[in-house]
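Have a look at the structure below before the remarks.
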Amino acid sequence: SNDAEALVNAANSYFSMKEIAKANELLNQAEAIDATEPNIYNTKGLIAMEVGDLDKAHEWFNQALKMDPGNAYYHNNRGFLNLEINNLDEAAEDIRRAIIGAPQNGWAYRNRGILFFKRERYDDAVRNFEMAFKLDEQIPFLYYYWAKTLAAQGLKAQACEKLSSESETADYIESFKRQICK
């Protein structure tokens with residue numbers, strides 16, 4: 001229903017501001033109105049990933065995909081989760097579906113780049129990071145993974161340059177930056 005969709009949209013806004021409790025409250029209200037709205041479960045999956053409950057995130061993404069099996073964005077989100085837990089074959093299939101279903105989604109190319117990085121196919125990884133960059137320069141963690149790939153290829157100066165564009169902050173990013181950009 002439109003009411004449930006409006007609540008999910010509001011929940012996404014709160015989630016983007018890291019107001020997890022408020023986002024969950026709105027998602028629960030949306031679910032009470034229309035439990036068949038798959039975006040409720042996709043957003044719950046994103047929140048579960050954010051708070052580190054990866055098993056729950058997997059359940060929520062599976063629920064969203066059960067309701068809307070062709071949704072490229074849901075596949076992309078589950079693909080990223082599968083990358084995080086090193087289910088690389090499942091990640092590859094989800095990311096493939098994400099790119100076929102939404103070829104202009106830069107996040108899917110970032111994810112495929114990460115997949116290739118994890119499989120040590122660095123040239124393929126760089127090509128996908130370049131495509132992601134062409135589509136959307138603001139994708140979180142794009143520059144970090146791109147830099148890791150360049151560093152793995154021995155291109156430390158270029159890796160350091162990419163890291164300077166990363167907007168996300170995390171201890172592991174700062175640690176990697178200190179290690180590479182001496």
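The chains in the structure tokens are called A, B, ... from first to last as shown; in each chain the residues are counted from 1, and the ligands are counted from 1 in the order shown.
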What are the nearest atom pairs, with distances in Å to one decimal, for all residues of segment 66-158 of chain A that come at most 12 Å from segment 16-40 of chain A, using only C-alpha atoms, set out by chain and rising residue number as JSON lines?
```
{"residue": "A:Lys66", "atom": "CA", "partner": "A:Pro38", "partner_atom": "CA", "distance": 8.4}
{"residue": "A:Met67", "atom": "CA", "partner": "A:Pro38", "partner_atom": "CA", "distance": 5.8}
{"residue": "A:Asp68", "atom": "CA", "partner": "A:Pro38", "partner_atom": "CA", "distance": 6.6}
{"residue": "A:Pro69", "atom": "CA", "partner": "A:Pro38", "partner_atom": "CA", "distance": 9.9}
{"residue": "A:Gly70", "atom": "CA", "partner": "A:Pro38", "partner_atom": "CA", "distance": 11.6}
{"residue": "A:Asn71", "atom": "CA", "partner": "A:Pro38", "partner_atom": "CA", "distance": 9.7}
{"residue": "A:Tyr73", "atom": "CA", "partner": "A:Asn39", "partner_atom": "CA", "distance": 10.0}
{"residue": "A:Tyr74", "atom": "CA", "partner": "A:Asn39", "partner_atom": "CA", "distance": 8.5}
{"residue": "A:Asn77", "atom": "CA", "partner": "A:Asn39", "partner_atom": "CA", "distance": 11.7}
```
Using only C-alpha atoms, which residues sit within 10 Å of Lys118 of chain A once same-chain residues fewer than 2 positions away are excluded, as a PDB file with N, CA and C atoms, in the first residue's frame?
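Saved file selection_2.pdb follows:
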```pdb
ATOM      1  N   LEU A  83      29.400 -11.275  -0.177  1.00  0.00           N
ATOM      2  CA  LEU A  83      30.821 -10.912  -0.245  1.00  0.00           C
ATOM      3  C   LEU A  83      31.399 -10.768   1.155  1.00  0.00           C
ATOM      4  N   ASN A  86      32.061 -14.036   2.641  1.00  0.00           N
ATOM      5  CA  ASN A  86      32.868 -14.871   1.744  1.00  0.00           C
ATOM      6  C   ASN A  86      32.114 -16.040   1.120  1.00  0.00           C
ATOM      7  N   LEU A  88      31.370 -16.542  -1.974  1.00  0.00           N
ATOM      8  CA  LEU A  88      31.679 -15.883  -3.242  1.00  0.00           C
ATOM      9  C   LEU A  88      30.848 -16.399  -4.407  1.00  0.00           C
ATOM     10  N   ARG A 112      30.910  -6.291  -7.927  1.00  0.00           N
ATOM     11  CA  ARG A 112      31.601  -7.253  -8.798  1.00  0.00           C
ATOM     12  C   ARG A 112      33.112  -7.013  -8.741  1.00  0.00           C
ATOM     13  N   GLY A 113      33.515  -5.756  -8.617  1.00  0.00           N
ATOM     14  CA  GLY A 113      34.935  -5.459  -8.441  1.00  0.00           C
ATOM     15  C   GLY A 113      35.486  -6.096  -7.177  1.00  0.00           C
ATOM     16  N   ILE A 114      34.723  -6.008  -6.086  1.00  0.00           N
ATOM     17  CA  ILE A 114      35.145  -6.630  -4.822  1.00  0.00           C
ATOM     18  C   ILE A 114      35.252  -8.146  -4.994  1.00  0.00           C
ATOM     19  N   LEU A 115      34.267  -8.724  -5.687  1.00  0.00           N
ATOM     20  CA  LEU A 115      34.293 -10.166  -5.954  1.00  0.00           C
ATOM     21  C   LEU A 115      35.576 -10.539  -6.697  1.00  0.00           C
ATOM     22  N   PHE A 116      35.895  -9.794  -7.759  1.00  0.00           N
ATOM     23  CA  PHE A 116      37.117 -10.087  -8.512  1.00  0.00           C
ATOM     24  C   PHE A 116      38.358  -9.855  -7.650  1.00  0.00           C
ATOM     25  N   GLU A 120      41.330 -12.541  -6.612  1.00  0.00           N
ATOM     26  CA  GLU A 120      42.652 -12.137  -7.104  1.00  0.00           C
ATOM     27  C   GLU A 120      42.684 -11.937  -8.622  1.00  0.00           C
ATOM     28  N   ARG A 121      41.561 -11.516  -9.175  1.00  0.00           N
ATOM     29  CA  ARG A 121      41.472 -11.151 -10.601  1.00  0.00           C
ATOM     30  C   ARG A 121      41.498  -9.626 -10.655  1.00  0.00           C
ATOM     31  N   TYR A 122      42.679  -9.068 -10.436  1.00  0.00           N
ATOM     32  CA  TYR A 122      42.820  -7.635 -10.189  1.00  0.00           C
ATOM     33  C   TYR A 122      42.473  -6.765 -11.392  1.00  0.00           C
ATOM     34  N   ALA A 125      38.839  -6.590 -11.553  1.00  0.00           N
ATOM     35  CA  ALA A 125      38.365  -5.760 -10.436  1.00  0.00           C
ATOM     36  C   ALA A 125      38.477  -4.285 -10.797  1.00  0.00           C
ATOM     37  N   TYR A 145      38.268  -0.251  -1.803  1.00  0.00           N
ATOM     38  CA  TYR A 145      38.520  -1.529  -2.474  1.00  0.00           C
ATOM     39  C   TYR A 145      39.362  -1.341  -3.739  1.00  0.00           C
ATOM     40  N   THR A 149      43.004  -3.064  -4.408  1.00  0.00           N
ATOM     41  CA  THR A 149      43.333  -3.784  -5.638  1.00  0.00           C
ATOM     42  C   THR A 149      44.623  -3.242  -6.244  1.00  0.00           C
TER      43      THR A 149
END
```
(message) Residues near Cys181 of chain A, anyone? I mean within 9 Å using only C-alpha atoms, not counting same-chain ones fewer than 5 positions away, as a list in words.
(response) Lys156, Ala157, Ala159, Cys160, Glu161, Leu163 and Phe176 of chain A
Give me a file of those residues, with N, CA and C atoms, as a short mmCIF file (atom, residue, chain, number, x, y, z; two decimals), in the first residue's frame.
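Wrote it out as result.cif, contents follow:
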```cif
data_model
loop_
_atom_site.label_atom_id
_atom_site.label_comp_id
_atom_site.auth_asym_id
_atom_site.auth_seq_id
_atom_site.Cartn_x
_atom_site.Cartn_y
_atom_site.Cartn_z
N LYS A 156 51.34 1.29 -5.33
CA LYS A 156 51.06 1.95 -4.04
C LYS A 156 50.73 3.43 -4.19
N ALA A 157 51.42 4.14 -5.07
CA ALA A 157 51.15 5.58 -5.23
C ALA A 157 49.72 5.79 -5.72
N ALA A 159 47.27 3.67 -5.37
CA ALA A 159 46.39 3.22 -4.28
C ALA A 159 46.19 4.35 -3.27
N CYS A 160 47.28 5.02 -2.94
CA CYS A 160 47.23 6.12 -1.98
C CYS A 160 46.34 7.25 -2.50
N GLU A 161 46.45 7.52 -3.80
CA GLU A 161 45.63 8.56 -4.43
C GLU A 161 44.14 8.21 -4.33
N LEU A 163 42.71 6.29 -2.11
CA LEU A 163 42.29 6.36 -0.70
C LEU A 163 41.94 7.78 -0.29
N PHE A 176 44.90 0.84 6.84
CA PHE A 176 45.38 0.53 5.49
C PHE A 176 46.07 1.75 4.88
#
```
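Between atom CA of Leu142 of chain A and atom CA of Ile85 of chain A the separation is 18.1 Å.
As for atom CA of Lys177 of chain A and atom CA of Gln153 of chain A, they are spaced 15.9 Å apart.
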